[in-house]
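Trainee: Pasting a structure below so you can have a look.
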Amino acid sequence: LRRAGHEVGPDAELLPEDAPEMRAELDLRGQRILSELRLLFPGARCVEAVSLTCAYQLNDVRRSSRSSPPASVGQQHTWSVGDLFRIIEERKDKFKIVDYAITQASLEHVFNQFATQDQDAGTDASA
């Protein structure tokens with residue numbers, strides 16, 4: 001983003017990441033991306049947002065109303081890695097995504113999620 005009133009070109013002043021206008025724009029983009037992801041992955045959530053990078057956790061079940069679904073089990077369909085890359089590539093320009101990666105959750109991440117759930121359940125039970 002560039003400061004309002006400045007010309008666009010190689011010498012135009014770019015906004016720093018922590019400028020209020022930049023933060024507002026990044027927050028808006030993040031919300032639009034998350035909304036789009038939730039249409040495809042109802043349980044999608046942002047698990048980390050640092051600087052210009054956001055990490056999203058996606059469920060592996062898609063809604064059955066999407067076109068050209070893969071082999072299904074009942075009303076649920078699983079995503080292939082190729083499906084995920086296709087979905088993101090189709091939306092890169094729309095959401096101004098420069099770079100992305102798709103990874104599986106690490107064992108450490110899964111363990112930490114279980115530990116957090118157990119802590120939350122213990123807190124709820126004692127309340």
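Following the order of the structure tokens, chains are lettered A, B, ..., residues in each are numbered from 1, and ligands are numbered from 1.
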Residues at most 8 Å from region 16-33 of chain A, counting only C-alpha atoms, excluding those fewer than 6 positions away in the same chain, as an mmCIF file with N, CA and C atoms, in the first residue's frame?

Mentor:
```cif
data_model
loop_
_atom_site.group_PDB
_atom_site.id
_atom_site.type_symbol
_atom_site.label_atom_id
_atom_site.label_comp_id
_atom_site.auth_asym_id
_atom_site.auth_seq_id
_atom_site.Cartn_x
_atom_site.Cartn_y
_atom_site.Cartn_z
ATOM 1 N N LEU A 1 0.834 -1.190 0.000
ATOM 2 C CA LEU A 1 0.000 0.000 0.000
ATOM 3 C C LEU A 1 0.871 1.243 0.000
ATOM 4 N N SER A 51 2.987 -10.466 11.443
ATOM 5 C CA SER A 51 3.465 -9.603 10.375
ATOM 6 C C SER A 51 2.563 -9.756 9.158
ATOM 7 N N LEU A 52 3.098 -10.123 8.027
ATOM 8 C CA LEU A 52 2.311 -10.264 6.797
ATOM 9 C C LEU A 52 1.909 -11.712 6.530
ATOM 10 N N CYS A 54 -0.211 -15.259 7.671
ATOM 11 C CA CYS A 54 -1.302 -15.862 8.441
ATOM 12 C C CYS A 54 -1.270 -17.366 8.231
ATOM 13 N N PHE A 95 -7.336 -12.388 -3.674
ATOM 14 C CA PHE A 95 -6.987 -12.055 -2.292
ATOM 15 C C PHE A 95 -5.564 -11.537 -2.135
#
```

Trainee: Give the answer as one residue: which of A:Ile102, A:Gly43, A:Asp120, A:Ser35 has the shortest atom-to-atom distance to Asp83 (chain A), using only C-alpha atoms?

Mentor: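 That would be A:Ile102, the residue with the smallest distance to Asp83 (chain A).
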
Trainee: Between A:Ile87, A:Arg38, A:Ala121, A:Thr53, which residue has the minimum interatomic distance to Asp99 (chain A), considering only C-alpha atoms?

Mentor: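 The closest residue to Asp99 (chain A) is A:Thr53.
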
Trainee: Name the residues in contact with Tyr56 (chain A) at a cut-off of 7 Å, using only C-alpha atoms, excluding same-chain residues fewer than 3 positions from it; report them as an MDAnalysis selection string.

Mentor: chainID A and resid 44:47

Trainee: Which one is closest to Leu34 (chain A): A:Thr116, A:Gly82, A:Ala49, A:His109? Count only C-alpha atoms.

Mentor: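 For Leu34 (chain A), the nearest of the candidates is A:Ala49.
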